[in-house]
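Text of the file final-v7.cif, holding mmCIF, C-alpha atoms (C1' of nucleotides):
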data_my_file
loop_
_atom_site.label_atom_id
_atom_site.label_comp_id
_atom_site.auth_asym_id
_atom_site.auth_seq_id
_atom_site.Cartn_x
_atom_site.Cartn_y
_atom_site.Cartn_z
CA MET A 1366 -2.84 -30.78 -59.16
CA THR A 1367 -0.64 -32.52 -61.70
CA HIS A 1368 2.50 -31.18 -60.07
CA LEU A 1369 1.33 -32.10 -56.57
CA LEU A 1370 0.45 -35.69 -57.46
CA ASN A 1371 3.70 -36.16 -59.35
CA GLU A 1372 5.65 -34.70 -56.45
CA ILE A 1373 3.95 -37.04 -53.97
CA TYR A 1374 4.85 -39.99 -56.15
CA ARG A 1375 8.42 -38.74 -56.47
CA GLN A 1376 8.78 -38.58 -52.70
CA LEU A 1377 7.24 -42.01 -52.19
CA PHE A 1378 9.54 -43.49 -54.81
CA GLN A 1379 12.50 -41.81 -53.16
CA ALA A 1380 11.49 -43.17 -49.75
CA PHE A 1381 10.54 -46.73 -50.70
CA GLY A 1382 12.04 -47.45 -54.12
CA HIS A 1383 10.11 -49.14 -56.92
CA ARG A 1384 7.65 -51.59 -55.39
CA HIS A 1385 7.60 -54.09 -58.28
CA TRP A 1386 3.96 -54.99 -58.04
CA TRP A 1387 1.72 -57.03 -58.21
CA PRO A 1388 2.96 -60.06 -56.26
CA GLY A 1389 2.30 -62.97 -58.62
CA GLU A 1390 4.24 -64.94 -61.19
CA SER A 1391 1.65 -64.89 -63.96
CA ARG A 1392 -1.36 -62.93 -65.15
CA GLU A 1393 -3.55 -65.78 -63.95
CA GLU A 1394 -2.05 -65.66 -60.49
CA VAL A 1395 -2.54 -61.90 -60.41
CA ILE A 1396 -6.23 -62.27 -61.24
CA ILE A 1397 -6.72 -65.00 -58.65
CA GLY A 1398 -4.93 -62.86 -56.06
CA ALA A 1399 -7.02 -59.80 -56.93
CA ILE A 1400 -10.19 -61.69 -56.10
CA LEU A 1401 -8.82 -63.41 -53.03
CA THR A 1402 -7.44 -60.22 -51.47
CA GLN A 1403 -10.83 -58.58 -51.15
CA ASN A 1404 -11.09 -57.24 -47.59
CA VAL A 1405 -8.30 -59.39 -46.21
CA ALA A 1406 -4.62 -58.92 -45.43
CA TRP A 1407 -2.27 -60.16 -48.14
CA ARG A 1408 -0.59 -62.66 -45.80
CA ASN A 1409 -3.88 -64.58 -45.66
CA VAL A 1410 -3.94 -64.62 -49.45
CA SER A 1411 -0.38 -65.95 -49.72
CA SER A 1412 -1.16 -69.18 -47.92
CA ALA A 1413 -4.28 -69.69 -50.06
CA ILE A 1414 -2.22 -69.17 -53.23
CA GLU A 1415 0.29 -71.72 -52.01
CA ASN A 1416 -2.53 -74.19 -51.32
CA LEU A 1417 -3.83 -73.70 -54.85
CA ARG A 1418 -0.32 -74.12 -56.24
CA LYS A 1419 0.22 -77.36 -54.32
CA HIS A 1420 -3.03 -78.74 -55.70
CA ARG A 1421 -2.17 -77.52 -59.21
CA LEU A 1422 -5.15 -75.19 -59.20
CA LEU A 1423 -3.31 -71.95 -59.82
CA THR A 1424 -4.44 -71.59 -63.42
CA LEU A 1425 -7.79 -70.30 -64.59
CA ALA A 1426 -8.45 -73.43 -66.66
CA ASP A 1427 -7.89 -75.64 -63.62
CA ILE A 1428 -10.13 -73.49 -61.47
CA HIS A 1429 -12.76 -73.59 -64.18
CA ARG A 1430 -12.76 -77.40 -64.05
CA ALA A 1431 -12.29 -77.85 -60.32
CA ASN A 1432 -14.93 -78.67 -57.75
CA LEU A 1433 -16.31 -75.60 -56.00
CA GLU A 1434 -16.01 -77.03 -52.51
CA LEU A 1435 -12.43 -78.12 -53.12
CA ILE A 1436 -11.49 -74.57 -54.10
CA ALA A 1437 -13.31 -73.21 -51.06
CA SER A 1438 -11.42 -75.55 -48.74
CA LEU A 1439 -8.08 -74.41 -50.15
CA ILE A 1440 -8.75 -70.68 -49.81
CA MET A 1441 -10.22 -70.77 -46.33
CA SER A 1442 -7.55 -68.44 -45.00
CA THR A 1443 -8.89 -65.54 -47.09
CA ARG A 1444 -12.23 -65.18 -45.21
CA PHE A 1445 -15.55 -65.37 -47.02
CA PHE A 1446 -14.16 -68.44 -48.76
CA HIS A 1447 -17.45 -69.81 -50.06
CA GLN A 1448 -18.18 -66.51 -51.74
CA LYS A 1449 -14.66 -66.16 -53.08
CA ALA A 1450 -14.63 -69.68 -54.52
CA ARG A 1451 -17.83 -68.75 -56.34
CA LYS A 1452 -16.27 -65.48 -57.51
CA LEU A 1453 -13.26 -67.30 -58.96
CA LYS A 1454 -15.60 -69.60 -60.84
CA ASN A 1455 -17.71 -66.67 -62.00
CA PHE A 1456 -14.63 -65.11 -63.54
CA THR A 1457 -13.42 -68.29 -65.24
CA GLY A 1458 -16.94 -68.96 -66.47
CA PHE A 1459 -16.97 -65.51 -68.05
CA LEU A 1460 -13.53 -66.02 -69.57
CA PHE A 1461 -14.30 -69.40 -71.10
CA THR A 1462 -17.77 -68.47 -72.28
CA ASN A 1463 -16.76 -65.23 -73.95
CA TYR A 1464 -13.07 -65.59 -74.80
CA SER A 1465 -12.47 -69.33 -75.08
CA GLY A 1466 -10.41 -69.08 -71.90
CA SER A 1467 -7.87 -66.78 -73.55
CA LEU A 1468 -6.60 -63.80 -71.57
CA ASP A 1469 -4.89 -62.49 -74.72
CA GLU A 1470 -8.24 -62.38 -76.43
CA MET A 1471 -9.93 -60.83 -73.42
CA PHE A 1472 -7.33 -58.09 -72.98
CA ALA A 1473 -7.49 -57.31 -76.70
CA ARG A 1474 -10.89 -55.75 -76.04
CA PRO A 1475 -11.02 -51.96 -75.70
CA THR A 1476 -10.32 -51.19 -72.06
CA CYS A 1477 -13.53 -49.27 -71.48
CA GLU A 1478 -15.65 -52.09 -72.88
CA LEU A 1479 -13.74 -54.75 -71.00
CA ARG A 1480 -14.13 -52.84 -67.75
CA LYS A 1481 -17.90 -52.86 -68.16
CA GLU A 1482 -17.84 -56.57 -68.85
CA LEU A 1483 -15.73 -57.29 -65.78
CA LEU A 1484 -18.06 -55.23 -63.61
CA SER A 1485 -21.00 -57.30 -64.84
CA ILE A 1486 -19.44 -60.41 -63.26
CA ASN A 1487 -20.92 -61.09 -59.85
CA GLY A 1488 -18.15 -60.65 -57.30
CA LEU A 1489 -16.03 -58.17 -59.21
CA GLY A 1490 -16.43 -54.57 -58.11
CA GLU A 1491 -14.52 -51.54 -59.30
CA GLU A 1492 -11.32 -52.10 -57.34
CA THR A 1493 -11.01 -55.74 -58.35
CA ALA A 1494 -11.86 -55.05 -62.00
CA ASP A 1495 -9.35 -52.21 -62.17
CA SER A 1496 -6.66 -54.28 -60.45
CA ILE A 1497 -7.12 -56.94 -63.11
CA LEU A 1498 -6.99 -54.36 -65.92
CA LEU A 1499 -3.87 -52.67 -64.55
CA TYR A 1500 -1.83 -55.47 -63.01
CA ALA A 1501 -2.78 -58.38 -65.24
CA GLY A 1502 -3.63 -56.50 -68.43
CA GLY A 1503 -1.14 -53.66 -68.28
CA LYS A 1504 -3.90 -51.15 -69.00
CA ALA A 1505 -3.54 -47.54 -67.83
CA VAL A 1506 -6.33 -47.66 -65.24
CA PHE A 1507 -5.76 -46.09 -61.82
CA VAL A 1508 -6.70 -48.36 -58.92
CA VAL A 1509 -8.34 -46.77 -55.90
CA ASP A 1510 -8.48 -48.54 -52.56
CA ALA A 1511 -9.18 -47.82 -48.92
CA TYR A 1512 -5.62 -46.59 -48.38
CA THR A 1513 -5.90 -44.17 -51.30
CA LYS A 1514 -8.97 -42.59 -49.79
CA ARG A 1515 -7.58 -42.55 -46.26
CA ILE A 1516 -4.19 -41.12 -47.14
CA PHE A 1517 -5.21 -38.46 -49.65
CA SER A 1518 -8.12 -37.24 -47.56
CA ARG A 1519 -5.86 -37.03 -44.50
CA MET A 1520 -3.46 -35.00 -46.58
CA GLY A 1521 -6.27 -32.56 -47.19
CA ILE A 1522 -6.21 -33.18 -50.92
CA THR A 1523 -9.45 -35.08 -51.37
CA SER A 1524 -12.63 -35.66 -49.43
CA GLU A 1525 -13.35 -39.07 -47.97
CA GLU A 1526 -16.91 -38.67 -49.22
CA MET A 1527 -15.82 -38.87 -52.85
CA THR A 1528 -16.92 -41.97 -54.72
CA TYR A 1529 -14.60 -44.50 -56.29
CA GLN A 1530 -15.19 -43.03 -59.73
CA GLU A 1531 -14.49 -39.52 -58.48
CA TYR A 1532 -11.20 -40.64 -56.96
CA GLN A 1533 -10.22 -42.43 -60.13
CA ALA A 1534 -11.09 -39.43 -62.31
CA PHE A 1535 -9.16 -37.19 -59.93
CA PHE A 1536 -5.94 -39.15 -60.42
CA MET A 1537 -6.39 -39.95 -64.08
CA SER A 1538 -7.15 -36.39 -65.11
CA ALA A 1539 -3.98 -35.15 -63.40
CA LEU A 1540 -1.51 -37.92 -64.23
CA LYS A 1541 -0.33 -38.98 -67.66
CA PRO A 1542 -2.00 -42.21 -68.83
CA ASP A 1543 0.92 -44.50 -68.05
CA ALA A 1544 0.31 -48.04 -66.81
CA GLY A 1545 3.82 -48.20 -65.35
CA LEU A 1546 3.21 -45.06 -63.31
CA TYR A 1547 -0.26 -46.18 -62.16
CA ASN A 1548 1.15 -49.56 -61.24
CA ASP A 1549 3.84 -48.24 -58.95
CA TYR A 1550 1.80 -45.29 -57.64
CA HIS A 1551 -0.86 -47.61 -56.28
CA ALA A 1552 1.80 -49.96 -54.94
CA GLN A 1553 3.45 -47.06 -53.11
CA ILE A 1554 0.12 -46.04 -51.59
CA VAL A 1555 -0.51 -49.57 -50.34
CA TYR A 1556 3.00 -49.78 -48.91
CA LEU A 1557 2.59 -46.44 -47.17
CA GLY A 1558 -0.81 -47.41 -45.86
CA HIS A 1559 0.30 -50.81 -44.72
CA HIS A 1560 3.32 -49.60 -42.82
CA TYR A 1561 2.37 -46.17 -41.57
CA CYS A 1562 -1.32 -45.42 -41.87
CA LYS A 1563 -3.12 -48.07 -39.87
CA ALA A 1564 -6.62 -47.07 -38.95
CA LYS A 1565 -5.80 -46.37 -35.33
CA ASN A 1566 -2.19 -45.42 -35.75
CA PRO A 1567 -2.21 -42.90 -38.56
CA ALA A 1568 1.18 -41.40 -37.99
CA CYS A 1569 4.54 -42.01 -36.47
CA ASP A 1570 7.81 -40.10 -36.45
CA LYS A 1571 9.26 -41.96 -39.40
CA CYS A 1572 6.16 -41.61 -41.50
CA PRO A 1573 6.74 -39.87 -44.83
CA ILE A 1574 3.16 -38.71 -44.62
CA ARG A 1575 4.31 -35.84 -42.43
CA ARG A 1576 6.12 -34.34 -45.38
CA LEU A 1577 3.30 -35.33 -47.69
CA CYS A 1578 0.79 -33.56 -45.50
CA ARG A 1579 2.72 -30.34 -45.90
CA LEU A 1580 2.60 -30.84 -49.64
CA GLY A 1581 -1.15 -31.20 -49.44
CA GLY A 1582 -1.50 -28.01 -47.41
CA ALA A 1583 -2.69 -29.87 -44.34
CA THR A 1584 -0.96 -30.66 -41.10
CA LEU A 1585 -1.34 -33.89 -39.22
CA GLU A 1586 -2.65 -31.88 -36.30
CA SER A 1587 -5.45 -30.47 -38.42
CA THR A 1588 -6.62 -33.80 -39.74
CA PRO A 1589 -9.33 -35.66 -37.83
CA ALA A 1590 -7.14 -38.73 -37.53
CA GLY A 1591 -4.06 -36.83 -36.48
"C1'" DG B 501 -9.75 -62.06 -25.93
"C1'" DC B 502 -9.92 -58.17 -29.13
"C1'" DC B 503 -9.12 -55.75 -33.24
"C1'" DC B 504 -8.98 -55.40 -37.96
"C1'" DA B 505 -7.39 -56.42 -42.72
"C1'" DG B 506 -6.05 -53.72 -50.18
"C1'" DG B 507 -14.42 -55.59 -51.06
"C1'" DG B 508 -18.65 -56.67 -52.92
"C1'" DG B 509 -23.56 -57.93 -53.07
"C1'" DG B 510 -28.14 -57.62 -51.49
"C1'" DC B 511 -31.68 -55.51 -49.17
"C1'" DT B 512 -34.41 -51.54 -47.39
"C1'" DC B 513 -36.20 -47.06 -47.49
"C1'" DG C 724 -28.29 -43.28 -53.57
"C1'" DA C 725 -27.27 -43.85 -48.83
"C1'" DG C 726 -27.24 -46.89 -44.98
"C1'" DC C 727 -27.09 -51.07 -43.24
"C1'" DC C 728 -25.93 -56.27 -42.82
"C1'" DC C 729 -23.74 -60.46 -44.46
"C1'" DC C 730 -19.69 -63.14 -45.48
"C1'" DA C 731 -16.44 -65.59 -41.46
"C1'" DT C 732 -9.89 -66.53 -41.08
"C1'" DG C 733 -5.75 -65.47 -38.83
"C1'" DG C 734 -1.92 -62.52 -37.15
"C1'" DG C 735 -0.52 -58.87 -33.97
#

As structure tokens, please, write out the structure in this file.
Amino acid sequence: MTHLLNEIYRQLFQAFGHRHWWPGESREEVIIGAILTQNVAWRNVSSAIENLRKHRLLTLADIHRANLELIASLIMSTRFFHQKARKLKNFTGFLFTNYSGSLDEMFARPTCELRKELLSINGLGEETADSILLYAGGKAVFVVDAYTKRIFSRMGITSEEMTYQEYQAFFMSALKPDAGLYNDYHAQIVYLGHHYCKAKNPACDKCPIRRLCRLGGATLESTPAG
DNA sequence: GCCCAGGGGGCTC
DNA sequence: GAGCCCCATGGG
């Protein structure tokens, strides 16, 4: 499986180039984006980030101090904005209570321990916690998302029934523990999913997934979505 | 107008 | 642990 997963990445890299993820100019912006992007297209997140920037609320310390309803009003474009404003505050509350507001201190924790702590915060599930660990903390943690499940199960490599943890273990047991690789691999998957694997339009002639399907031993015709 | 987008929590059984 | 509902904007 190691060879297959490396070969898939090689072909994605060849097709799309390095994706240079995550979009965000600082670790703090990455964390804020990771929470805001839950179940919403990134374009909706962009305008919310710009709103926060304009109001000088794009740092965790500022969010920690800011009024909850003000935050909610600025991130309205990301859906579920009351919940997400609360989630942002839950994270900053955790950071300031346990690490004096210092990301350096927080990320100095052993990754496994920190992951458990992040998951204990209301509003942070596995994907969000892992995105923070990988993209803000530079930790070698593979991020699984809806596209990962959709694409790899359509390729006949995994089952859609597998849990998040099973998907993560599947990738991490096959790939070398390399944050740079995990970073771009996930970014490639999102790019592929975004451009070629929409829920109701799983394939098109240009889609690299046709080649990838052959790698996975499946054909588009044999997949339920194909 | 309709569809859906990079989730997560809470509740029920 | 699975199956459901809730949250609730904006672009194609």

| request: Convert the output of the PyMOL selection byres ((chain A) within 7 of (chain C)) on the shown file into explicit residues, formatted as a list of chain:residue names. | output: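 Those residues are A:Met1441, A:Ser1442, A:Thr1443, A:Arg1444, A:Phe1445.
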
| Taking the file as shown, what set of residues would the PyMOL selection byres ((chain B) within 8 of (chain A)) give back, as a PyMOL selection string? | chain B and resi 505-509

| query | What residues come out when you apply the PyMOL selection byres ((chain A and resi 1461-1471) around 10) to this file, written as an MDAnalysis selection string? | reply | chainID A and resid 1392:1393 1425:1426 1429 1456:1460 1472:1476 1479 1501:1502

| request: Determine, counting only C-alpha atoms (C1' of nucleotides), every residue of protein, DNA or RNA that lies within 9 Å of (-14.3, -45.8, -59.9) in the file coordinates, then give the result as a count of residues only. | output: 13

| request: Report the distance between atom CA of His1420 of chain A and atom CA of Ile1396 of chain A in Å, rounded to one decimal place. | output: 17.7 Å

| query | Quick one, how far is atom CA of Lys1419 of chain A from atom CA of Trp1386 of chain A? | reply |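 About the pair atom CA of Lys1419 of chain A and atom CA of Trp1386 of chain A: they are 23.0 Å apart.
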
| query | Do you know which residues are at most 12 Å from Arg1421 of chain A counting only C-alpha atoms (C1' of nucleotides), after dropping those on the same chain fewer than 5 positions away, and could you put them as a ChimeraX atom specification? | reply | /A:1394,1414-1416,1426-1428,1430-1431,1435-1436,1439

Filtering to C-alpha atoms, could you give me those residues as a compact mmCIF listing (two decimals), in the coordinates of the input?
# COMPACT_ATOMS: atom_id res chain seq x y z
CA GLU A 1394 -2.05 -65.66 -60.49
CA ILE A 1414 -2.22 -69.17 -53.23
CA GLU A 1415 0.29 -71.72 -52.01
CA ASN A 1416 -2.53 -74.19 -51.32
CA ALA A 1426 -8.45 -73.43 -66.66
CA ASP A 1427 -7.89 -75.64 -63.62
CA ILE A 1428 -10.13 -73.49 -61.47
CA ARG A 1430 -12.76 -77.40 -64.05
CA ALA A 1431 -12.29 -77.85 -60.32
CA LEU A 1435 -12.43 -78.12 -53.12
CA ILE A 1436 -11.49 -74.57 -54.10
CA LEU A 1439 -8.08 -74.41 -50.15
